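J.: Here you go, one structure.
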Amino acid sequence: MAREISSVGVIGLGTMGAGIAEVLARSGVSVVAVEIDDDGVRRGQGHLEHSTERAVSGGKLDADGRGELLGRIRYTTSLSELSDVDLVIEAIPENLEAKSDVFAELDKITGPDTIFVSNTSSLSITEIGVHTARPGKVVGMHFFNPAPILKLVEIVRTVVTEPGVITDVVAFAERLGKTPVVIGDRAGFIANALLFGYLNHAVRMYEQRYATREDLDAAMRFGCGYPMGPLALLDLIGLDTAYEILDTMYHQSRNRLHAPAPLLKQMITAGLLGRKTGQGFYAYDEPDSPTVTDAATKSTVDTAAPREVRKVGVVGTGTMATGIVEVFAKRGYEVILRARSAEKAAASVARVKKSLDKAVVKGKLSEEDAAAALGRISPAVEFDELADVDLVVEAVAEDLAVKQAVFAALDDVVKPGAVLATTTSSLPVIECAAATSRPSDVVGVHFFNPAPVMKLVEVVSTIATAPDVIATVDAVCAAVGKHPVHCGDRAGFIVNALLFPYLNDAVKMLEAHYAEADDIDTAMKVGCGLPMGPFELLDVVGLDVSLAIQRTLYNEFREEGFAPAPLLEHLVTAGRLGRKTGKGFKDYSAR
């Protein structure tokens, strides 16, 4: 039977502490809110009044409810007023010495059964707990920002935390309407340990001028369905907070991927901390505002006049190829679909027709437009039939030798000035270009699956790609309703280079028995707002595909942290490839 917790102390009334106090008071808990001085109390009250006022204006709270909520919170500058509370939540800045001092002081003030909770997002609960005479009653309770909205709470136990305390705190979190996951004491816990490596990687890409901030953020929003891009998210979190979390993680893991990117330290020194100071990776109209005011940064590619594109060729008959054919045909382009046989070509056209018919049934396309789109598609078997196209998109298997053979054949027959594009997601574009006598006309155009739905296209330029070829692809993307982002020709481009190391880190976390797959998935979906957890996504992508991409990244960058997790390799060897085989990280055979 879980213990009844009716009164709680909250120490620190910054954004997080004030949000936690609001969550508690909203659930009927009496709160004693402590700040270091009167100015801190006034700021904390301001946070709470502003937040609850927004809740009223948004219809999520009425005026009477707001009055009752605020009435449950008592403010003080003295820790001694926490003597009778059942539980204390510390939410001061991420400084181990300061937190330890607070807990040591609480030890003298509170009763022996009072539970001590730290909201730290990165520091060791064990190291904090040893500064008390009751380390068994010390636990981590990591809320996510904004606390009144986000449901996830990571409950962090140490090797000496009493089981009864965990039971009490889990029940308390559920009473607050939160989704708790219980984990061990390790830097970053689940969500931050997976999230901040990904964010740091994005900073390094920006630092190296591999892609603009807008393209990095758009790639992850449109390519992965993330609610925010990595650099915009860092601005929201605060660059100083991110640096402290990464630094703590690095000192525990010694993983170079956790070492804060030098650019972070430079920006912090310059006072560019993100939204809270009005400027970080983006500039905002005022501190704490979400409104971006600075213009988009200049693209990493030169601007040039695009070439005219009226007729498009697509080489391939797989899911991606037929999806790309549909994209172009629906937007008015004449499309030649080249297959290895007449039967394969006919089957591909039939798949396009089936997809168009579905769009008609769903009311997304008229019967006339569907018929017109289908009428623009011409099946072909010989490469010669692509002779007069303005753009060719190669979408065959991810095998370099196969792709090079296609490009060599295209080079022989396609008219001069046509753009030759590959949809590869992992192979070097320059290797395809080298198979032709016109490398300046070759570019990567990486669509995302399903192509008719996903807005993102990664436009990959090699050291030889002509500026007007990039301009041509940009214009075509605009014409077919896609969002192009630009990057250089290196493994993973933007999306896969950021996504797959994160997925690999999740596998390593599971492999270490730190948390269960379902809890890790829950943490990332509920805590970070991601559309899928890492193991759900790996099973959808296919573990064999994921392993191949991870190996490509490791072979390109030779980063120890990119080495594929042994568990991933073992599952692939055992034939557990995800949904397509019925078993991966999860079992789908009985569903």
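Letters for chains follow the order of the structure tokens (A, B, ...), residue numbers begin at 1 for each chain, and ligand numbers begin at 1 in the order shown.
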If DSSP is run on the backbone, what residues of segment 51-295 of chain A are strand (DSSP E or B)? A reply as a ChimeraX atom specification would be ideal.
T.: /A:73-76,87-90,115-118,138-143,152-156,179-183,274,279,283-284,292
J.: Quick one: write out the picked residues with N, CA and C atoms as a tab-separated table (two decimals), in the first residue's frame?
T.:
chain	number	residue	atom	x	y	z
A	73	ILE	N	-0.38	27.03	-2.58
A	73	ILE	CA	1.08	27.24	-2.59
A	73	ILE	C	1.45	28.34	-1.60
A	74	ARG	N	2.33	27.99	-0.68
A	74	ARG	CA	2.84	28.96	0.29
A	74	ARG	C	4.31	29.20	-0.01
A	75	TYR	N	4.71	30.47	-0.05
A	75	TYR	CA	6.07	30.84	-0.44
A	75	TYR	C	6.90	31.21	0.79
A	76	THR	N	8.18	30.88	0.71
A	76	THR	CA	9.08	31.19	1.82
A	76	THR	C	10.52	31.25	1.32
A	87	LEU	N	7.32	15.01	1.54
A	87	LEU	CA	8.27	14.80	0.47
A	87	LEU	C	8.82	16.15	0.04
A	88	VAL	N	10.09	16.20	-0.31
A	88	VAL	CA	10.71	17.43	-0.79
A	88	VAL	C	11.28	17.21	-2.19
A	89	ILE	N	10.96	18.13	-3.11
A	89	ILE	CA	11.51	18.07	-4.47
A	89	ILE	C	12.47	19.24	-4.65
A	90	GLU	N	13.72	18.91	-4.91
A	90	GLU	CA	14.75	19.94	-5.15
A	90	GLU	C	14.82	20.20	-6.65
A	115	ILE	N	10.67	11.85	2.31
A	115	ILE	CA	11.36	11.39	1.10
A	115	ILE	C	12.03	12.58	0.43
A	116	PHE	N	13.29	12.39	0.05
A	116	PHE	CA	14.04	13.44	-0.63
A	116	PHE	C	14.10	13.13	-2.13
A	117	VAL	N	13.70	14.10	-2.93
A	117	VAL	CA	13.66	13.92	-4.39
A	117	VAL	C	14.48	15.02	-5.06
A	118	SER	N	15.29	14.61	-6.03
A	118	SER	CA	15.98	15.59	-6.86
A	118	SER	C	15.41	15.53	-8.27
A	138	VAL	N	16.36	8.67	-0.72
A	138	VAL	CA	16.67	9.65	-1.76
A	138	VAL	C	16.41	9.03	-3.13
A	139	VAL	N	15.71	9.77	-3.97
A	139	VAL	CA	15.32	9.25	-5.27
A	139	VAL	C	15.31	10.40	-6.28
A	140	GLY	N	15.49	10.06	-7.54
A	140	GLY	CA	15.36	11.06	-8.59
A	140	GLY	C	13.94	11.06	-9.13
A	141	MET	N	13.44	12.23	-9.46
A	141	MET	CA	12.11	12.36	-10.05
A	141	MET	C	12.22	13.44	-11.12
A	142	HIS	N	12.62	13.00	-12.31
A	142	HIS	CA	12.95	13.94	-13.38
A	142	HIS	C	11.71	14.28	-14.20
A	143	PHE	N	11.17	15.48	-13.94
A	143	PHE	CA	10.06	16.01	-14.73
A	143	PHE	C	10.62	16.58	-16.04
A	152	LEU	N	5.75	12.55	-18.99
A	152	LEU	CA	6.77	11.63	-18.52
A	152	LEU	C	7.46	12.11	-17.25
A	153	VAL	N	7.68	11.17	-16.32
A	153	VAL	CA	8.54	11.40	-15.16
A	153	VAL	C	9.47	10.19	-15.03
A	154	GLU	N	10.77	10.43	-15.07
A	154	GLU	CA	11.74	9.36	-14.87
A	154	GLU	C	12.01	9.23	-13.37
A	155	ILE	N	11.68	8.06	-12.82
A	155	ILE	CA	11.92	7.77	-11.40
A	155	ILE	C	13.27	7.05	-11.32
A	156	VAL	N	14.24	7.69	-10.65
A	156	VAL	CA	15.62	7.18	-10.66
A	156	VAL	C	15.97	6.59	-9.29
A	179	THR	N	3.21	9.80	-16.36
A	179	THR	CA	3.59	8.45	-16.78
A	179	THR	C	4.99	8.17	-16.26
A	180	PRO	N	5.12	7.38	-15.17
A	180	PRO	CA	6.45	7.14	-14.61
A	180	PRO	C	7.15	5.95	-15.26
A	181	VAL	N	8.47	6.07	-15.44
A	181	VAL	CA	9.30	4.92	-15.80
A	181	VAL	C	10.42	4.86	-14.77
A	182	VAL	N	10.68	3.66	-14.25
A	182	VAL	CA	11.68	3.49	-13.19
A	182	VAL	C	12.98	3.01	-13.82
A	183	ILE	N	14.09	3.69	-13.48
A	183	ILE	CA	15.38	3.39	-14.09
A	183	ILE	C	16.48	3.49	-13.04
A	274	GLY	N	19.88	30.93	-25.93
A	274	GLY	CA	18.64	30.43	-26.49
A	274	GLY	C	17.49	31.38	-26.22
A	279	GLN	N	18.38	35.12	-27.81
A	279	GLN	CA	19.21	34.71	-28.94
A	279	GLN	C	20.00	33.46	-28.61
A	283	ALA	N	17.49	34.10	-33.43
A	283	ALA	CA	17.21	35.31	-32.66
A	283	ALA	C	15.70	35.43	-32.47
A	284	TYR	N	15.27	35.86	-31.29
A	284	TYR	CA	13.85	35.96	-30.93
A	284	TYR	C	13.51	37.42	-30.63
A	292	VAL	N	10.67	33.81	-33.76
A	292	VAL	CA	11.97	34.00	-34.39
A	292	VAL	C	11.91	35.24	-35.28
J.: I want to know what sits within 8 Å of Ser27 of chain A, based on only C-alpha atoms, with residues of the same chain fewer than 3 positions away left out; could you give that as a PyMOL selection string?
T.: chain A and resi 23-24+175-176
J.: Which residues are near Pro146 of chain A? Cut-off 8 Å, only C-alpha atoms, ignore same chain within fewer than 6 positions. Put them as a ChimeraX atom specification.
T.: /A:15-16,19
J.: Please give the complete set of residues from segment 308-445 of chain A that DSSP, run on the backbone, assigns to helix (DSSP H, G or I), formatted as a PyMOL selection string.
T.: chain A and resi 319-330+342-361+367-375+383-386+400-413+429-433+439-441
J.: As an MDAnalysis selection string, please: the residues near Arg338 of chain A (cut-off 12 Å, only C-alpha atoms, same-chain neighbours under 5 positions excluded).
T.: chainID A and resid 312:318 321:322 325 343:349 377:387 389 392:396 406 410
J.: Write to file, as a JSON list (two decimals), in the first residue's frame, the residues of the selection just made, with N, CA and C atoms.
T.:
[["chain", "number", "residue", "atom", "x", "y", "z"],
["A", 312, "VAL", "N", 10.44, 13.68, -67.15],
["A", 312, "VAL", "CA", 11.23, 13.03, -66.10],
["A", 312, "VAL", "C", 11.29, 11.53, -66.37],
["A", 313, "GLY", "N", 12.47, 10.95, -66.14],
["A", 313, "GLY", "CA", 12.61, 9.50, -66.19],
["A", 313, "GLY", "C", 12.85, 8.96, -64.80],
["A", 314, "VAL", "N", 12.29, 7.81, -64.50],
["A", 314, "VAL", "CA", 12.52, 7.14, -63.22],
["A", 314, "VAL", "C", 12.96, 5.71, -63.52],
["A", 315, "VAL", "N", 14.12, 5.34, -62.98],
["A", 315, "VAL", "CA", 14.66, 4.00, -63.20],
["A", 315, "VAL", "C", 14.46, 3.18, -61.94],
["A", 316, "GLY", "N", 13.69, 2.09, -62.03],
["A", 316, "GLY", "CA", 13.41, 1.25, -60.88],
["A", 316, "GLY", "C", 11.94, 0.93, -60.79],
["A", 317, "THR", "N", 11.63, -0.14, -60.06],
["A", 317, "THR", "CA", 10.22, -0.57, -59.95],
["A", 317, "THR", "C", 9.81, -0.87, -58.52],
["A", 318, "GLY", "N", 10.66, -0.54, -57.56],
["A", 318, "GLY", "CA", 10.34, -0.81, -56.16],
["A", 318, "GLY", "C", 9.38, 0.22, -55.59],
["A", 321, "ALA", "N", 10.61, 3.85, -56.14],
["A", 321, "ALA", "CA", 10.50, 4.27, -57.54],
["A", 321, "ALA", "C", 9.06, 4.58, -57.93],
["A", 322, "THR", "N", 8.14, 3.68, -57.59],
["A", 322, "THR", "CA", 6.73, 3.91, -57.96],
["A", 322, "THR", "C", 6.17, 5.12, -57.22],
["A", 325, "VAL", "N", 7.42, 8.17, -59.12],
["A", 325, "VAL", "CA", 6.65, 8.28, -60.37],
["A", 325, "VAL", "C", 5.31, 8.95, -60.09],
["A", 343, "GLU", "N", 6.93, -6.80, -68.02],
["A", 343, "GLU", "CA", 6.05, -7.26, -66.93],
["A", 343, "GLU", "C", 6.26, -6.43, -65.67],
["A", 344, "LYS", "N", 7.54, -6.15, -65.34],
["A", 344, "LYS", "CA", 7.83, -5.34, -64.15],
["A", 344, "LYS", "C", 7.31, -3.91, -64.32],
["A", 345, "ALA", "N", 7.46, -3.38, -65.53],
["A", 345, "ALA", "CA", 6.97, -2.03, -65.80],
["A", 345, "ALA", "C", 5.46, -1.96, -65.62],
["A", 346, "ALA", "N", 4.76, -2.95, -66.16],
["A", 346, "ALA", "CA", 3.30, -2.97, -66.06],
["A", 346, "ALA", "C", 2.86, -3.11, -64.60],
["A", 347, "ALA", "N", 3.58, -3.94, -63.84],
["A", 347, "ALA", "CA", 3.24, -4.13, -62.43],
["A", 347, "ALA", "C", 3.44, -2.83, -61.64],
["A", 348, "SER", "N", 4.48, -2.08, -61.99],
["A", 348, "SER", "CA", 4.75, -0.82, -61.29],
["A", 348, "SER", "C", 3.68, 0.22, -61.61],
["A", 349, "VAL", "N", 3.30, 0.30, -62.87],
["A", 349, "VAL", "CA", 2.23, 1.23, -63.25],
["A", 349, "VAL", "C", 0.93, 0.85, -62.54],
["A", 377, "ILE", "N", 2.11, 8.62, -67.48],
["A", 377, "ILE", "CA", 3.16, 7.63, -67.21],
["A", 377, "ILE", "C", 3.32, 6.69, -68.40],
["A", 378, "SER", "N", 4.55, 6.59, -68.90],
["A", 378, "SER", "CA", 4.85, 5.68, -70.02],
["A", 378, "SER", "C", 5.85, 4.63, -69.55],
["A", 379, "PRO", "N", 5.48, 3.34, -69.58],
["A", 379, "PRO", "CA", 6.44, 2.30, -69.20],
["A", 379, "PRO", "C", 7.49, 2.11, -70.29],
["A", 380, "ALA", "N", 8.70, 1.73, -69.87],
["A", 380, "ALA", "CA", 9.79, 1.52, -70.83],
["A", 380, "ALA", "C", 10.70, 0.41, -70.32],
["A", 381, "VAL", "N", 11.38, -0.23, -71.24],
["A", 381, "VAL", "CA", 12.33, -1.28, -70.90],
["A", 381, "VAL", "C", 13.75, -0.90, -71.31],
["A", 382, "GLU", "N", 13.87, -0.22, -72.44],
["A", 382, "GLU", "CA", 15.19, 0.15, -72.95],
["A", 382, "GLU", "C", 15.62, 1.52, -72.41],
["A", 383, "PHE", "N", 16.89, 1.64, -72.08],
["A", 383, "PHE", "CA", 17.43, 2.93, -71.63],
["A", 383, "PHE", "C", 17.29, 3.99, -72.73],
["A", 384, "ASP", "N", 17.31, 3.58, -74.00],
["A", 384, "ASP", "CA", 17.19, 4.53, -75.11],
["A", 384, "ASP", "C", 15.92, 5.37, -75.01],
["A", 385, "GLU", "N", 14.89, 4.83, -74.39],
["A", 385, "GLU", "CA", 13.61, 5.54, -74.29],
["A", 385, "GLU", "C", 13.68, 6.73, -73.32],
["A", 386, "LEU", "N", 14.83, 6.85, -72.62],
["A", 386, "LEU", "CA", 15.03, 7.99, -71.71],
["A", 386, "LEU", "C", 15.86, 9.08, -72.38],
["A", 387, "ALA", "N", 16.11, 8.95, -73.67],
["A", 387, "ALA", "CA", 17.06, 9.82, -74.36],
["A", 387, "ALA", "C", 16.74, 11.31, -74.23],
["A", 389, "VAL", "N", 14.71, 12.89, -71.86],
["A", 389, "VAL", "CA", 14.20, 13.40, -70.58],
["A", 389, "VAL", "C", 15.13, 14.52, -70.07],
["A", 392, "VAL", "N", 16.57, 12.53, -64.80],
["A", 392, "VAL", "CA", 16.42, 11.09, -64.54],
["A", 392, "VAL", "C", 16.65, 10.86, -63.05],
["A", 393, "VAL", "N", 15.74, 10.12, -62.43],
["A", 393, "VAL", "CA", 15.88, 9.76, -61.02],
["A", 393, "VAL", "C", 16.10, 8.25, -60.93],
["A", 394, "GLU", "N", 17.29, 7.85, -60.51],
["A", 394, "GLU", "CA", 17.60, 6.43, -60.32],
["A", 394, "GLU", "C", 17.12, 5.99, -58.95],
["A", 395, "ALA", "N", 16.32, 4.91, -58.90],
["A", 395, "ALA", "CA", 15.78, 4.41, -57.64],
["A", 395, "ALA", "C", 15.84, 2.88, -57.63],
["A", 396, "VAL", "N", 17.02, 2.35, -57.92],
["A", 396, "VAL", "CA", 17.21, 0.89, -57.90],
["A", 396, "VAL", "C", 17.77, 0.49, -56.54],
["A", 406, "VAL", "N", 23.80, 1.53, -63.94],
["A", 406, "VAL", "CA", 22.68, 2.35, -64.40],
["A", 406, "VAL", "C", 23.18, 3.71, -64.88],
["A", 410, "LEU", "N", 22.92, 5.42, -68.53],
["A", 410, "LEU", "CA", 22.28, 6.72, -68.73],
["A", 410, "LEU", "C", 23.21, 7.68, -69.45]]
J.: Could you list, as a list of chain:residue names, every residue within 12 Å of Thr269 of chain A, counting only C-alpha atoms and ignoring same-chain residues fewer than 3 positions away?
T.: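 Surrounding residues, per the criterion: A:Leu239, A:Asp240, A:Tyr243, A:Pro262, A:Leu263, A:Leu264, A:Lys265, A:Gln266, A:Leu272, A:Leu273, A:Gly280.
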J.: Looking at A:Asp468, A:Asp489, A:Glu536, A:Asp357, which one is nearest to Gly444 of chain A, with distances taken over only C-alpha atoms?
T.: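 Among the listed residues, the smallest separation from Gly444 of chain A belongs to A:Asp489.
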J.: If we count only C-alpha atoms and set the cut-off at 9 Å, which residues sit around Ala218 of chain A, ignoring sequence neighbours fewer than 2 positions away in its own chain? Please answer as JSON, numbers by chain.
T.: {"A": [213, 214, 215, 216, 220, 221, 222, 223, 228, 229, 456, 483, 484, 485]}
J.: Next, dump the selected residues to file, keeping only N, CA and C atoms, as an mmCIF file, in the first residue's frame.
T.:
data_model
loop_
_atom_site.group_PDB
_atom_site.id
_atom_site.type_symbol
_atom_site.label_atom_id
_atom_site.label_comp_id
_atom_site.auth_asym_id
_atom_site.auth_seq_id
_atom_site.Cartn_x
_atom_site.Cartn_y
_atom_site.Cartn_z
ATOM 1 N N ARG A 213 21.210 25.889 -40.257
ATOM 2 C CA ARG A 213 20.347 25.578 -39.104
ATOM 3 C C ARG A 213 18.936 25.252 -39.578
ATOM 4 N N GLU A 214 18.432 26.006 -40.585
ATOM 5 C CA GLU A 214 17.076 25.755 -41.089
ATOM 6 C C GLU A 214 16.974 24.369 -41.723
ATOM 7 N N ASP A 215 17.992 23.992 -42.488
ATOM 8 C CA ASP A 215 17.949 22.678 -43.151
ATOM 9 C C ASP A 215 18.083 21.538 -42.150
ATOM 10 N N LEU A 216 18.924 21.706 -41.140
ATOM 11 C CA LEU A 216 19.041 20.684 -40.096
ATOM 12 C C LEU A 216 17.711 20.483 -39.381
ATOM 13 N N MET A 220 14.781 17.034 -39.746
ATOM 14 C CA MET A 220 14.270 16.154 -38.693
ATOM 15 C C MET A 220 12.768 16.316 -38.490
ATOM 16 N N ARG A 221 12.245 17.503 -38.768
ATOM 17 C CA ARG A 221 10.789 17.681 -38.651
ATOM 18 C C ARG A 221 10.064 16.970 -39.790
ATOM 19 N N PHE A 222 10.519 17.209 -41.016
ATOM 20 C CA PHE A 222 9.831 16.625 -42.169
ATOM 21 C C PHE A 222 10.243 15.183 -42.441
ATOM 22 N N GLY A 223 11.482 14.833 -42.094
ATOM 23 C CA GLY A 223 11.962 13.489 -42.384
ATOM 24 C C GLY A 223 11.615 12.463 -41.329
ATOM 25 N N MET A 228 10.091 19.322 -33.104
ATOM 26 C CA MET A 228 11.005 20.448 -33.269
ATOM 27 C C MET A 228 12.314 19.933 -33.856
ATOM 28 N N GLY A 229 13.006 20.811 -34.585
ATOM 29 C CA GLY A 229 14.337 20.468 -35.043
ATOM 30 C C GLY A 229 15.325 20.561 -33.895
ATOM 31 N N LEU A 456 9.921 15.764 -47.196
ATOM 32 C CA LEU A 456 11.355 16.048 -47.235
ATOM 33 C C LEU A 456 12.055 15.414 -48.439
ATOM 34 N N HIS A 483 9.921 19.703 -49.675
ATOM 35 C CA HIS A 483 10.788 20.655 -48.973
ATOM 36 C C HIS A 483 12.231 20.180 -49.107
ATOM 37 N N PRO A 484 13.053 20.878 -49.907
ATOM 38 C CA PRO A 484 14.441 20.437 -50.071
ATOM 39 C C PRO A 484 15.340 20.952 -48.949
ATOM 40 N N VAL A 485 16.259 20.126 -48.504
ATOM 41 C CA VAL A 485 17.327 20.568 -47.606
ATOM 42 C C VAL A 485 18.647 20.164 -48.251
#
J.: I want to know what sits within 12 Å of Thr241 of chain A, based on only C-alpha atoms, with residues of the same chain fewer than 6 positions away left out; could you give that as a ChimeraX atom specification?
T.: /A:93-95,120-122,192,196,233-235,247-248,260,264-265,268,273-274,276
J.: My list of candidates is A:Thr291, A:Thr319, A:Thr212, A:Ser7. Which is closest to Phe172 of chain A when distances are computed with only C-alpha atoms?
T.: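 Of A:Thr291, A:Thr319, A:Thr212, A:Ser7, the one nearest Phe172 of chain A, counting only C-alpha atoms, is A:Ser7.
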J.: Restricting the calculation to only C-alpha atoms: of A:Ala219, A:Val34, A:His513, A:Cys432, which residue gets closest to Ala401 of chain A?
T.: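 Closest candidate: A:Cys432.
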J.: Determine, using only C-alpha atoms, which residues of segment 200-312 of chain A have any atom at most 10 Å from an atom of segment 514-529 of chain A, and tabulate each with its shortest atom pair and distance in Å to one decimal place, rows ordered by chain and then rising number, as CSV.
T.:
residue,atom,partner,partner_atom,distance
A:Gly225,CA,A:Gly529,CA,9.7
A:Tyr226,CA,A:Gly529,CA,7.3
A:Pro227,CA,A:Gly529,CA,6.6
A:Met228,CA,A:Gly529,CA,9.1
J.: For the selection just defined, write its residues with N, CA, C and O atoms to a file, as a PDB file, in the first residue's frame.
T.:
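And here is the file that came out, part_33.pdb:
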ATOM      1  N   GLY A 225       9.305  13.406 -38.517  1.00  0.00           N
ATOM      2  CA  GLY A 225       8.077  13.765 -37.807  1.00  0.00           C
ATOM      3  C   GLY A 225       8.324  14.297 -36.410  1.00  0.00           C
ATOM      4  O   GLY A 225       7.430  14.264 -35.558  1.00  0.00           O
ATOM      5  N   TYR A 226       9.550  14.784 -36.142  1.00  0.00           N
ATOM      6  CA  TYR A 226       9.852  15.323 -34.820  1.00  0.00           C
ATOM      7  C   TYR A 226       9.121  16.658 -34.630  1.00  0.00           C
ATOM      8  O   TYR A 226       8.995  17.442 -35.578  1.00  0.00           O
ATOM      9  N   PRO A 227       8.656  16.948 -33.417  1.00  0.00           N
ATOM     10  CA  PRO A 227       7.925  18.198 -33.191  1.00  0.00           C
ATOM     11  C   PRO A 227       8.787  19.443 -33.349  1.00  0.00           C
ATOM     12  O   PRO A 227       8.274  20.513 -33.679  1.00  0.00           O
ATOM     13  N   MET A 228      10.091  19.322 -33.104  1.00  0.00           N
ATOM     14  CA  MET A 228      11.005  20.448 -33.269  1.00  0.00           C
ATOM     15  C   MET A 228      12.314  19.933 -33.856  1.00  0.00           C
ATOM     16  O   MET A 228      12.696  18.791 -33.627  1.00  0.00           O
TER      17      MET A 228
END
